[in-house]
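**Student:** Structure incoming, see below.
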Amino acid sequence: MVPGSGFTAVLTTGTALAMAFLAVFALALGLGADRLADRWQATLAQSATLRISAPAGEMAVQTSRALDILRATPGIASVRVLEPEEQRALLAPWFGPDLPVERLTLPRMIEIVEAGEGFDPVGLRMRLVAEVPGAVLDDHSRWRAPMVAAAAHLRTLAVLSVALIAAATAAMVALAASFSLAANAQVIAVLRLVGARDAFIARAFTRRFTLRALAGAALGTGLGMGALALMPALDGIAGDTALGGIGLRGRDWLWPLLVPPFAAITAWTATRAAAFRVLRREG
Amino acid sequence: MVPGSGFTAVLTTGTALAMAFLAVFALALGLGADRLADRWQATLAQSATLRISAPAGEMAVQTSRALDILRATPGIASVRVLEPEEQRALLAPWFGPDLPVERLTLPRMIEIVEAGEGFDPVGLRMRLVAEVPGAVLDDHSRWRAPMVAAAAHLRTLAVLSVALIAAATAAMVALAASFSLAANAQVIAVLRLVGARDAFIARAFTRRFTLRALAGAALGTGLGMGALALMPALDGIAGDTALGGIGLRGRDWLWPLLVPPFAAITAWTATRAAAFRVLRREG
Amino acid sequence: MIRLEEVAQDYGDRRLLRDVDLHIAKGSFHFLTGPSGAGKTTLLRLCYGELTASRGRVLLFGEDRKDMGRDALADARRQVGVIHQDCRFLDHLGVAENVALPFTAAGLPVPADDLRELLGWVGLAAQAQARPPTLSGGERQRAALARAVIAQPAVVLADEPTGNLDWEMSLRILSLLVELNRMGTAVLIATHDLNLIRSAKAQVSARVLRIAEGTLQSAGSDL
Amino acid sequence: MIRLEEVAQDYGDRRLLRDVDLHIAKGSFHFLTGPSGAGKTTLLRLCYGELTASRGRVLLFGEDRKDMGRDALADARRQVGVIHQDCRFLDHLGVAENVALPFTAAGLPVPADDLRELLGWVGLAAQAQARPPTLSGGERQRAALARAVIAQPAVVLADEPTGNLDWEMSLRILSLLVELNRMGTAVLIATHDLNLIRSAKAQVSARVLRIAEGTLQSAGSDL
Ligand SMILES: Nc1ncnc2c1ncn2[C@@H]1O[C@H](COP(=O)(O)OP(=O)(O)OP(=O)(O)O)[C@@H](O)[C@H]1O
Ligand SMILES: Nc1ncnc2c1ncn2[C@@H]1O[C@H](COP(=O)(O)OP(=O)(O)OP(=O)(O)O)[C@@H](O)[C@H]1O
Ligand SMILES: [Mg+2]
Ligand SMILES: [Mg+2]
């Protein structure tokens with residue numbers, strides 16, 4: 001009933017295609033950021049170390065005092081004094097293999113496993129200074145905290161992008177539909193004149209736009225997934241770094257398949273609303 | 001001469017706005033990635049370390065042999081044997097302060113400063129195994145290499161995005177113009193009938209579309225720059241990490257100002273081409 | 001079937017029609033004349049419910065236009081064949097498909113034989129597949145007429161149906177409408193062509209109405 | 001000023017016009033008749049260069065249509081006032097602005113007094129600010145006529161200019177065209193209205209042409 005206007009067709013299909021492509025990337029980014037944030041969060045829970053250097057006589061006292069303090073500190077899951085062998089293994093690279101580690105007065109090392117949000121390093125240091133003067137707290141894994149925050153931030157951005165893309169797609173399709181309806185004012189007038197009901201006229205538009213959006217989104221999703229699949233190089237080199245995290249793994253590949261049906265539903269809703277609005281107005 | 005169709009107006013201005021907004025972000029991403037790649041590239045040039053553990057008698061020989069090999073290796077700018085004091089400072093945290101470092105047979109450490117692309121660690125290790133059996137090459141700064149690659153990759157992606165956005169904008173504006181021209185077929189027919197020349201008709205369309213694109217792009221650029229300016233939190237926490245690098249610094253803020261004029265030029269060119277094409281075809 | 005009671009129609013501040021009473025009964029034949037701009041087209045648009053009267057009541061098949069929903073109005077229009085002064089078509093469909101639209105829009109099958117016969121009668125057999133924009137002015141009017149009558153509506157409203165037709169073709173169209181009228185269809189023709197009215201009066205008992213100064217009057221006996 | 005030499009016009013496989021020779025000279029007055037679909041509109045479109053003849057030569061003010069660039073054609077059109085059968089306007093502008101278009105499109109100032117006088121003559125003084133879609137059929141035709149003649153073109157081509165007009169208004173329009181013709185404008189009117197032709201022949205020496213079976217002939221002496 002409605003002429004196949006090349007323009008609205010290109011616009012709708014093209015928009016759906018481009019938006020689906022972008023949505024797939026945003027999804028990949030979001031899922032990657034999510035994975036990254038999880039991984040980094042996990043490494044955060046790894047051990048910090050407390051090193052106690054004290055004269056041989058005081059070592060045992062200071063160690064047990066330090067252990068008491070650590071156990072009383074909130075945010076610490078467990079503490080463990082390192083065995084001499086472990087310590088030797090840690091230091092070996094820095095000395096010749098024939099270093100008599102056993103005979104040296106080495107500092108005692110305590111591994112700390114954090115829990116939940118982790119402990120407050122500033123408060124802990126202050127307490128240690130007072131009671132265990134020889135203790136040095138090395139929370140070296142702390143540097144990852146801002147990166148976890150950043151990954152979470154990135155995940156939020158990705159979710160926002162997906163939402164924005166969905167909204168933009170809906171707006172564009174609705175716009176194209178209104179366009180098409182306006183351009184087809186004569187068609188609508190003729191159909192009303194010969195006694196066509198609103199639903200009959202609206203259907204001609206919704207069907208067309210839904211199909212276009214579906215086709216465009218399917219193509220865009222396919223292209224987006226293809227582009228992601230063709231990005232293995234980055235995965236290999238930097239799979240574990242911030243940027244290598246962008247990409248889809250395993251079951252993640254199912255998520256983009258939601259994009260085309262979502263685009264179709266969006267198009268159907270937007271077009272139907274636009275059609276009935278125009279029909280009511282045109283009288 | 002041409003009716004102010006609400007639709008093409010919204011489409012053109014909206015597209016220009018959205019695209020300018022995205023372009024600003026892509027620019028920021030690109031400039032940030034560029035900065036990051038530079039910074040990481042610089043840290044790559046930092047020292048790797050060669051550690052020689054050998055019996056006291058062979059130490060001097062192995063050290064000089066290692067120095068010879070290193071000096072002959074391409075990609076190494078300079079080498080330097082660490083002073084005992086430096087070595088002690090490096091090790092101090094791991095031992096008590098009263099460790100008699102002077103009296104221990106410590107491995108000799110050689111600092112390597114790389115040049116250009118850096119050296120080939122695999123080849124170097126193979127040569128060292130043969131001639132300096134006690135040498136261990138620790139190119140710990142190597143782990144940043146994939147991140148530099150990733151940053152460069154990100155920069156490429158950002159440049160591609162900007163190009164894509166420009167192309168998409170041009171396509172959309174051309175499409176909107178063709179749309180508008182098709183919708184105004186009657187206007188064009190009437191104007192031709194009363195003796196209007198092509199340039200006169202085309203001008204009515206180009207002026208309108210150029211102004212719309214300029215206005216939309218200016219607004220989008222403003223919003224994009226505003227959004228970037230409102231993102232200081234990330235800067236503070238993770239300013240030095242991969243993700244903190246996204247953003248504009250100092251003179252970078254001038255780049256986005258190129259977006260609106262570029263959008264206007266794009267719109268003008270695209271509309272003019274579309275107008276003359278349609279006019280020639282309609283006869 | 002269509003009844004206007006004390007109808008008035010305003011465009012903005014301007015009262016174009018007032019005190020209009022009109023009853024288009026089954027089997028009636030009306031002509032509507034009046035100078036250009038008098039309101040003939042406006043009156044027709046009131047009759048098929050495209051306009052809502054500013055005052056008074058318009059009854060379409062017994063229902064008040066004001067109380068009708070959009071679907072009820074659409075259904076009522078299937079009973080009314082309208083030939084617009086500026087004949088509008090679906091330009092992307094052929095003439096035959098356009099003429100068949102009343103069936104398509106109602107979801108009914110198209111009677112192919114009737115369609116072919118009707119197109120032959122209005123002289124468009126050769127143009128059945130042509131697109132409406134390539135038709136000549138008179139061909140468009142004939143296509144609009146065919147579309148208006150194909151579904152055998154209860155009422156035919158024709159706005160200047162012979163404005164672009166030569167005299168022979170005008171008579172042919174008239175005889176088609178007279179034939180339909182004899183079969184019970186009510187016909188109302190707005191026209192400037194006094195010769196056409198005279199010809200019709202020789203064939204059927206037609207009432208001639210005239211819009212003058214905003215009111216509907218019976219035309220003098222000279223017609 | 002406009003000359004057709006052995007012109008033929010095809011639409012697809014169909015040869016609509018053949019062997020057409022026509023000279024629209026300065027100060028001439030032509031009528032063009034023929035049954036609906038004969039090719040009157042087609043002939044007019046050839047005369048102002050919208051169509052390019054399938055065969056033969058069309059000379060517009062001495063230049064061959066085939067050799068004219070788009071700008072030259074645009075300039076030639078400023079010398080020709082055309083009244084289309086389906087009058088088209090810029091629907092977003094008022095009637096006065098539409099009538100003034102030939103000046104606007106040529107980049108000339110609009111003569112406000114002439115415009116007002118002309119609108120009064122064609123009976124559109126009250127509609128000067130109205131948008132074309134709100135005009136009645138006859139009002140549109142009169143607006144198209146006003147637009148065609150306002151820039152005092154060398155030739156006026158009118159396609160069925162009185163199809164939607166009552167007889168008094170038709171005579172009024174005719175007398176405007178006769179007046180222009182007396183001042184030197186060439187006029188060609190395609191029409192079905194034989195009464196109009198008779199009226200005109202009483203005022204000027206008009207040639208009546210008739211398209212029959214694809215060829216252009218002089219009409220019989222009954223006209
Ligand atoms: N939508 C509208 N808004 C404002 N004025 C209108 C509208 N429609 C029609 N008119 C005015 O109402 C008057 C009557 O219009 P109408 O089309 O009914 O005339 P008509 O009798 O059919 O004339 P014609 O014989 O020229 O077709 C005209 O002057 C016209 O300008
Ligand atoms: N662009 C076109 N393509 C194909 N056929 C066309 C085209 N334009 C016109 N025709 C056909 O050419 C024939 C003549 O058309 P034209 O408009 O010249 O007739 P006319 O003499 O003006 O008729 P009327 O009095 O009905 O306006 C018609 O049968 C029409 O269908
Ligand atoms: Mg009318
Ligand atoms: Mg014609």
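Numbering starts fresh at 1 for the residues of each chain in the structure tokens, the chains themselves are lettered A, B, ... in the order given, and ligands are numbered from 1 as they appear.
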Tell me, as a ChimeraX atom specification, which residues lie within 8 Å of stretch 96-112 of chain C, counting only C-alpha atoms; anything in the same chain fewer than 6 positions away does not count.

**Tutor:** /A:191,194-197,200 /C:78,89-90,119,128-129,143-144,146-148,150-151

**Student:** Include N, CA, C and O atoms and write out the residues we just selected as a PDB file, in the first residue's frame.

**Tutor:**
```pdb
ATOM      1  N   LEU A 191      -6.139   6.407   1.098  1.00  0.00           N
ATOM      2  CA  LEU A 191      -6.610   5.208   1.798  1.00  0.00           C
ATOM      3  C   LEU A 191      -7.772   5.544   2.726  1.00  0.00           C
ATOM      4  O   LEU A 191      -8.752   4.802   2.810  1.00  0.00           O
ATOM      5  N   VAL A 194     -10.992   5.933   0.655  1.00  0.00           N
ATOM      6  CA  VAL A 194     -11.669   4.719   0.187  1.00  0.00           C
ATOM      7  C   VAL A 194     -12.094   3.835   1.360  1.00  0.00           C
ATOM      8  O   VAL A 194     -12.507   2.704   1.159  1.00  0.00           O
ATOM      9  N   GLY A 195     -11.969   4.366   2.593  1.00  0.00           N
ATOM     10  CA  GLY A 195     -12.540   3.655   3.725  1.00  0.00           C
ATOM     11  C   GLY A 195     -11.613   2.684   4.430  1.00  0.00           C
ATOM     12  O   GLY A 195     -12.082   1.747   5.070  1.00  0.00           O
ATOM     13  N   ALA A 196     -10.288   2.906   4.325  1.00  0.00           N
ATOM     14  CA  ALA A 196      -9.362   2.044   5.066  1.00  0.00           C
ATOM     15  C   ALA A 196      -9.338   2.476   6.529  1.00  0.00           C
ATOM     16  O   ALA A 196      -9.374   3.664   6.834  1.00  0.00           O
ATOM     17  N   ARG A 197      -9.288   1.481   7.437  1.00  0.00           N
ATOM     18  CA  ARG A 197      -9.211   1.809   8.857  1.00  0.00           C
ATOM     19  C   ARG A 197      -7.788   2.144   9.253  1.00  0.00           C
ATOM     20  O   ARG A 197      -6.832   1.762   8.570  1.00  0.00           O
ATOM     21  N   PHE A 200      -5.263  -0.708   9.474  1.00  0.00           N
ATOM     22  CA  PHE A 200      -4.843  -1.183   8.150  1.00  0.00           C
ATOM     23  C   PHE A 200      -3.701  -0.316   7.614  1.00  0.00           C
ATOM     24  O   PHE A 200      -2.696  -0.822   7.106  1.00  0.00           O
TER      25      PHE A 200
ATOM     26  N   ARG C  78     -16.940   3.553   3.114  1.00  0.00           N
ATOM     27  CA  ARG C  78     -17.026   2.484   2.114  1.00  0.00           C
ATOM     28  C   ARG C  78     -18.370   2.506   1.406  1.00  0.00           C
ATOM     29  O   ARG C  78     -18.534   1.902   0.347  1.00  0.00           O
ATOM     30  N   PHE C  89      -4.247   9.693  -6.228  1.00  0.00           N
ATOM     31  CA  PHE C  89      -4.067   8.247  -6.365  1.00  0.00           C
ATOM     32  C   PHE C  89      -2.835   7.812  -5.583  1.00  0.00           C
ATOM     33  O   PHE C  89      -2.076   8.644  -5.072  1.00  0.00           O
ATOM     34  N   LEU C  90      -2.656   6.502  -5.500  1.00  0.00           N
ATOM     35  CA  LEU C  90      -1.389   5.963  -5.015  1.00  0.00           C
ATOM     36  C   LEU C  90      -0.483   5.874  -6.242  1.00  0.00           C
ATOM     37  O   LEU C  90      -0.640   4.996  -7.081  1.00  0.00           O
ATOM     38  N   LEU C 119     -13.199  -0.345 -16.455  1.00  0.00           N
ATOM     39  CA  LEU C 119     -12.093   0.389 -17.081  1.00  0.00           C
ATOM     40  C   LEU C 119     -12.381   0.591 -18.564  1.00  0.00           C
ATOM     41  O   LEU C 119     -12.100   1.660 -19.126  1.00  0.00           O
ATOM     42  N   ALA C 128      -4.618   0.490 -18.127  1.00  0.00           N
ATOM     43  CA  ALA C 128      -4.828  -0.244 -16.874  1.00  0.00           C
ATOM     44  C   ALA C 128      -3.547  -0.395 -16.073  1.00  0.00           C
ATOM     45  O   ALA C 128      -3.571  -0.361 -14.842  1.00  0.00           O
ATOM     46  N   GLN C 129      -2.441  -0.551 -16.754  1.00  0.00           N
ATOM     47  CA  GLN C 129      -1.181  -0.762 -16.030  1.00  0.00           C
ATOM     48  C   GLN C 129      -0.380   0.526 -15.833  1.00  0.00           C
ATOM     49  O   GLN C 129       0.665   0.517 -15.172  1.00  0.00           O
ATOM     50  N   ALA C 143     -10.435   7.791 -14.089  1.00  0.00           N
ATOM     51  CA  ALA C 143      -9.959   6.772 -13.141  1.00  0.00           C
ATOM     52  C   ALA C 143     -10.580   7.006 -11.764  1.00  0.00           C
ATOM     53  O   ALA C 143     -10.985   6.066 -11.070  1.00  0.00           O
ATOM     54  N   ALA C 144     -10.665   8.280 -11.364  1.00  0.00           N
ATOM     55  CA  ALA C 144     -11.262   8.597 -10.065  1.00  0.00           C
ATOM     56  C   ALA C 144     -12.726   8.185 -10.047  1.00  0.00           C
ATOM     57  O   ALA C 144     -13.231   7.663  -9.054  1.00  0.00           O
ATOM     58  N   ALA C 146     -14.097   5.785 -11.818  1.00  0.00           N
ATOM     59  CA  ALA C 146     -14.151   4.319 -11.754  1.00  0.00           C
ATOM     60  C   ALA C 146     -13.920   3.852 -10.321  1.00  0.00           C
ATOM     61  O   ALA C 146     -14.617   2.970  -9.817  1.00  0.00           O
ATOM     62  N   ARG C 147     -12.939   4.464  -9.638  1.00  0.00           N
ATOM     63  CA  ARG C 147     -12.658   4.070  -8.259  1.00  0.00           C
ATOM     64  C   ARG C 147     -13.867   4.364  -7.361  1.00  0.00           C
ATOM     65  O   ARG C 147     -14.157   3.603  -6.435  1.00  0.00           O
ATOM     66  N   ALA C 148     -14.554   5.459  -7.647  1.00  0.00           N
ATOM     67  CA  ALA C 148     -15.671   5.849  -6.785  1.00  0.00           C
ATOM     68  C   ALA C 148     -16.851   4.894  -6.922  1.00  0.00           C
ATOM     69  O   ALA C 148     -17.583   4.676  -5.967  1.00  0.00           O
ATOM     70  N   ILE C 150     -16.794   1.578  -8.285  1.00  0.00           N
ATOM     71  CA  ILE C 150     -16.563   0.143  -8.475  1.00  0.00           C
ATOM     72  C   ILE C 150     -17.195  -0.716  -7.380  1.00  0.00           C
ATOM     73  O   ILE C 150     -17.706  -1.791  -7.643  1.00  0.00           O
ATOM     74  N   ALA C 151     -17.180  -0.212  -6.128  1.00  0.00           N
ATOM     75  CA  ALA C 151     -17.692  -1.041  -5.037  1.00  0.00           C
ATOM     76  C   ALA C 151     -19.189  -0.855  -4.852  1.00  0.00           C
ATOM     77  O   ALA C 151     -19.735  -1.234  -3.823  1.00  0.00           O
TER      78      ALA C 151
END
```

**Student:** Go through chain D and collect every residue that DSSP, computed from the backbone, puts in helix (DSSP H, G or I); the answer should be as a ChimeraX atom specification.

**Tutor:** /D:40-47,65-67,70-77,95-99,101-105,112-121,125-127,132-134,137-149,167-182,194-203

**Student:** Could you write out that same residue set with C-alpha atoms as an mmCIF file, in the first residue's frame?

**Tutor:**
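Listing of selection.cif after writing:
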```
data_model
loop_
_atom_site.group_PDB
_atom_site.id
_atom_site.type_symbol
_atom_site.label_atom_id
_atom_site.label_comp_id
_atom_site.auth_asym_id
_atom_site.auth_seq_id
_atom_site.Cartn_x
_atom_site.Cartn_y
_atom_site.Cartn_z
ATOM 1 C CA LYS D 40 -2.829 18.510 -25.797
ATOM 2 C CA THR D 41 -0.852 18.669 -22.572
ATOM 3 C CA THR D 42 1.991 16.823 -24.234
ATOM 4 C CA LEU D 43 2.107 19.388 -27.034
ATOM 5 C CA LEU D 44 2.185 22.221 -24.512
ATOM 6 C CA ARG D 45 5.039 20.588 -22.614
ATOM 7 C CA LEU D 46 6.965 20.365 -25.865
ATOM 8 C CA CYS D 47 6.331 24.066 -26.447
ATOM 9 C CA ARG D 65 15.732 22.878 -27.501
ATOM 10 C CA LYS D 66 18.226 20.045 -27.902
ATOM 11 C CA ASP D 67 21.188 22.414 -27.939
ATOM 12 C CA ARG D 70 19.832 24.013 -18.405
ATOM 13 C CA ASP D 71 20.429 27.672 -17.660
ATOM 14 C CA ALA D 72 19.475 28.740 -21.171
ATOM 15 C CA LEU D 73 16.283 26.732 -20.822
ATOM 16 C CA ALA D 74 15.556 28.377 -17.473
ATOM 17 C CA ASP D 75 16.025 31.772 -19.072
ATOM 18 C CA ALA D 76 13.736 30.859 -21.975
ATOM 19 C CA ARG D 77 11.047 29.792 -19.529
ATOM 20 C CA VAL D 95 -0.944 33.067 -2.855
ATOM 21 C CA ALA D 96 0.613 36.493 -3.432
ATOM 22 C CA GLU D 97 4.117 35.133 -2.959
ATOM 23 C CA ASN D 98 3.340 32.281 -5.334
ATOM 24 C CA VAL D 99 2.030 34.624 -7.975
ATOM 25 C CA LEU D 101 7.487 33.738 -8.056
ATOM 26 C CA PRO D 102 8.554 34.546 -11.641
ATOM 27 C CA PHE D 103 10.125 37.724 -10.255
ATOM 28 C CA THR D 104 11.638 36.073 -7.198
ATOM 29 C CA ALA D 105 13.141 33.236 -9.234
ATOM 30 C CA ALA D 112 3.626 45.244 -5.494
ATOM 31 C CA ASP D 113 1.037 47.390 -7.285
ATOM 32 C CA ASP D 114 0.836 45.173 -10.360
ATOM 33 C CA LEU D 115 0.539 42.163 -8.086
ATOM 34 C CA ARG D 116 -2.357 43.655 -6.149
ATOM 35 C CA GLU D 117 -4.166 44.755 -9.289
ATOM 36 C CA LEU D 118 -3.786 41.371 -10.950
ATOM 37 C CA LEU D 119 -4.992 39.484 -7.866
ATOM 38 C CA GLY D 120 -8.033 41.759 -7.829
ATOM 39 C CA TRP D 121 -8.733 41.052 -11.500
ATOM 40 C CA ALA D 125 -7.752 39.823 -3.475
ATOM 41 C CA ALA D 126 -9.249 38.258 -0.345
ATOM 42 C CA GLN D 127 -7.071 35.144 -0.688
ATOM 43 C CA PRO D 132 -2.614 27.296 -1.928
ATOM 44 C CA PRO D 133 -3.924 24.036 -0.392
ATOM 45 C CA THR D 134 -6.849 25.935 1.121
ATOM 46 C CA GLY D 137 -10.311 24.370 -7.491
ATOM 47 C CA GLY D 138 -11.251 27.470 -9.444
ATOM 48 C CA GLU D 139 -9.212 29.717 -7.197
ATOM 49 C CA ARG D 140 -6.163 27.598 -7.883
ATOM 50 C CA GLN D 141 -6.659 27.945 -11.612
ATOM 51 C CA ARG D 142 -6.960 31.697 -11.295
ATOM 52 C CA ALA D 143 -3.837 31.867 -9.150
ATOM 53 C CA ALA D 144 -1.947 29.828 -11.746
ATOM 54 C CA LEU D 145 -3.158 32.205 -14.443
ATOM 55 C CA ALA D 146 -2.017 35.210 -12.449
ATOM 56 C CA ARG D 147 1.415 33.633 -11.948
ATOM 57 C CA ALA D 148 1.668 32.884 -15.666
ATOM 58 C CA VAL D 149 0.967 36.416 -16.824
ATOM 59 C CA TRP D 167 -19.057 30.813 -17.092
ATOM 60 C CA GLU D 168 -18.766 34.403 -15.885
ATOM 61 C CA MET D 169 -15.313 33.827 -14.436
ATOM 62 C CA SER D 170 -14.267 32.022 -17.619
ATOM 63 C CA LEU D 171 -15.217 35.055 -19.694
ATOM 64 C CA ARG D 172 -13.353 37.320 -17.320
ATOM 65 C CA ILE D 173 -10.197 35.209 -17.650
ATOM 66 C CA LEU D 174 -10.619 35.092 -21.405
ATOM 67 C CA SER D 175 -10.875 38.842 -21.637
ATOM 68 C CA LEU D 176 -7.651 39.169 -19.621
ATOM 69 C CA LEU D 177 -5.863 36.904 -22.093
ATOM 70 C CA VAL D 178 -7.396 38.766 -25.063
ATOM 71 C CA GLU D 179 -6.201 42.027 -23.561
ATOM 72 C CA LEU D 180 -2.656 40.642 -23.188
ATOM 73 C CA ASN D 181 -2.817 39.368 -26.757
ATOM 74 C CA ARG D 182 -3.741 42.827 -28.032
ATOM 75 C CA LEU D 194 -16.341 25.102 -27.270
ATOM 76 C CA ASN D 195 -18.386 28.001 -25.920
ATOM 77 C CA LEU D 196 -15.187 29.627 -24.762
ATOM 78 C CA ILE D 197 -13.679 29.291 -28.212
ATOM 79 C CA ARG D 198 -16.773 30.814 -29.792
ATOM 80 C CA SER D 199 -16.663 33.710 -27.368
ATOM 81 C CA ALA D 200 -13.018 34.319 -28.136
ATOM 82 C CA LYS D 201 -13.530 34.270 -31.880
ATOM 83 C CA ALA D 202 -15.934 37.128 -31.484
ATOM 84 C CA GLN D 203 -13.131 39.203 -29.920
#
```

**Student:** Taking only C-alpha atoms and all ligand atoms into account, which of D:Thr185, D:Thr33, D:Ser205, D:Asn164 comes nearest ligand 3?

**Tutor:**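 Closest candidate: D:Asn164.
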
**Student:** With 12 Å as the cut-off and only C-alpha atoms and all ligand atoms counted, what is the closest atom pair between each nearby residue of chain D and ligand 2? Distances in Å to one decimal, ordered by chain and number, as CSV.

**Tutor:**
```
residue,atom,partner,partner_atom_place_in_ligand_line,distance
D:Gln9,CA,ligand 2,12 (O),9.4
D:Asp10,CA,ligand 2,5 (N),8.3
D:Tyr11,CA,ligand 2,4 (C),4.8
D:Gly12,CA,ligand 2,4 (C),6.7
D:Asp13,CA,ligand 2,4 (C),9.4
D:Arg14,CA,ligand 2,5 (N),8.1
D:Arg15,CA,ligand 2,12 (O),9.0
D:Leu16,CA,ligand 2,12 (O),6.3
D:Leu17,CA,ligand 2,14 (C),8.9
D:Leu32,CA,ligand 2,21 (O),9.2
D:Thr33,CA,ligand 2,21 (O),7.9
D:Gly34,CA,ligand 2,21 (O),6.5
D:Pro35,CA,ligand 2,25 (O),6.1
D:Ser36,CA,ligand 2,26 (O),3.5
D:Gly37,CA,ligand 2,23 (O),3.5
D:Ala38,CA,ligand 2,21 (O),3.9
D:Gly39,CA,ligand 2,18 (O),3.1
D:Lys40,CA,ligand 2,21 (O),3.6
D:Thr41,CA,ligand 2,22 (O),3.6
D:Thr42,CA,ligand 2,18 (O),3.7
D:Leu43,CA,ligand 2,18 (O),6.5
D:Leu44,CA,ligand 2,18 (O),8.0
D:Arg45,CA,ligand 2,18 (O),8.4
D:Leu46,CA,ligand 2,18 (O),10.0
D:Glu50,CA,ligand 2,1 (N),11.2
D:Leu51,CA,ligand 2,1 (N),9.4
D:Thr52,CA,ligand 2,1 (N),11.9
D:His84,CA,ligand 2,27 (O),10.0
D:Gln85,CA,ligand 2,27 (O),7.1
D:Asp86,CA,ligand 2,27 (O),9.5
D:Ala158,CA,ligand 2,22 (O),11.2
D:Asp159,CA,ligand 2,22 (O),7.7
D:Glu160,CA,ligand 2,27 (O),7.7
D:Pro161,CA,ligand 2,27 (O),11.2
D:Gly163,CA,ligand 2,25 (O),10.2
D:Ile189,CA,ligand 2,22 (O),11.5
D:Ala190,CA,ligand 2,22 (O),8.0
D:Thr191,CA,ligand 2,25 (O),7.6
D:His192,CA,ligand 2,25 (O),7.3
D:Asp193,CA,ligand 2,25 (O),10.9
D:Arg210,CA,ligand 2,21 (O),10.0
D:Ile211,CA,ligand 2,21 (O),7.9
D:Ala212,CA,ligand 2,21 (O),9.9
D:Glu213,CA,ligand 2,21 (O),11.1
D:Gly214,CA,ligand 2,14 (C),9.5
D:Thr215,CA,ligand 2,21 (O),11.8
D:Leu216,CA,ligand 2,21 (O),11.6
```

**Student:** Using only C-alpha atoms, determine which residues lie at most 10 Å from B:Leu164, disregarding the query and same-chain residues fewer than 6 positions distant; provide the list as a PyMOL selection string.

**Tutor:** chain B and resi 19+23+158+170

**Student:** Find the residues near B:Leu181: any atom within 7 Å, counting only C-alpha atoms, skip ones fewer than 4 places away on the same chain, and give them as number ranges by chain.

**Tutor:** B: 177, 185, 275

**Student:** Please produce an output containing N, CA and C atoms for each residue in the selection, written as an mmCIF file, in the first residue's frame.

**Tutor:**
```cif
data_model
loop_
_atom_site.group_PDB
_atom_site.id
_atom_site.type_symbol
_atom_site.label_atom_id
_atom_site.label_comp_id
_atom_site.auth_asym_id
_atom_site.auth_seq_id
_atom_site.Cartn_x
_atom_site.Cartn_y
_atom_site.Cartn_z
ATOM 1 N N ALA B 177 19.531 15.456 2.655
ATOM 2 C CA ALA B 177 19.355 16.431 1.584
ATOM 3 C C ALA B 177 18.583 15.801 0.426
ATOM 4 N N ALA B 185 9.932 17.684 -4.458
ATOM 5 C CA ALA B 185 9.917 17.572 -5.914
ATOM 6 C C ALA B 185 8.987 18.622 -6.523
ATOM 7 N N ALA B 275 21.932 17.978 -4.527
ATOM 8 C CA ALA B 275 21.002 18.885 -5.202
ATOM 9 C C ALA B 275 21.210 18.842 -6.710
#
```

**Student:** Of the candidates C:Leu22, C:Cys87, C:Ile2, C:Val208, which shows the shortest atom-to-atom distance to ligand 3, using only C-alpha atoms and all ligand atoms?

**Tutor:**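 Under the stated criterion, the closest residue is C:Cys87.
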
**Student:** Between B:Thr269, B:Ile201, B:Gly222, B:Ala33, which residue has the minimum interatomic distance to chain D, considering only C-alpha atoms?

**Tutor:** B:Ile201

**Student:** Would you please work out which residue, of A:Val79, A:Ala270, A:Ala130, A:Ala176, is nearest to chain B when using only C-alpha atoms?

**Tutor:** A:Ala176
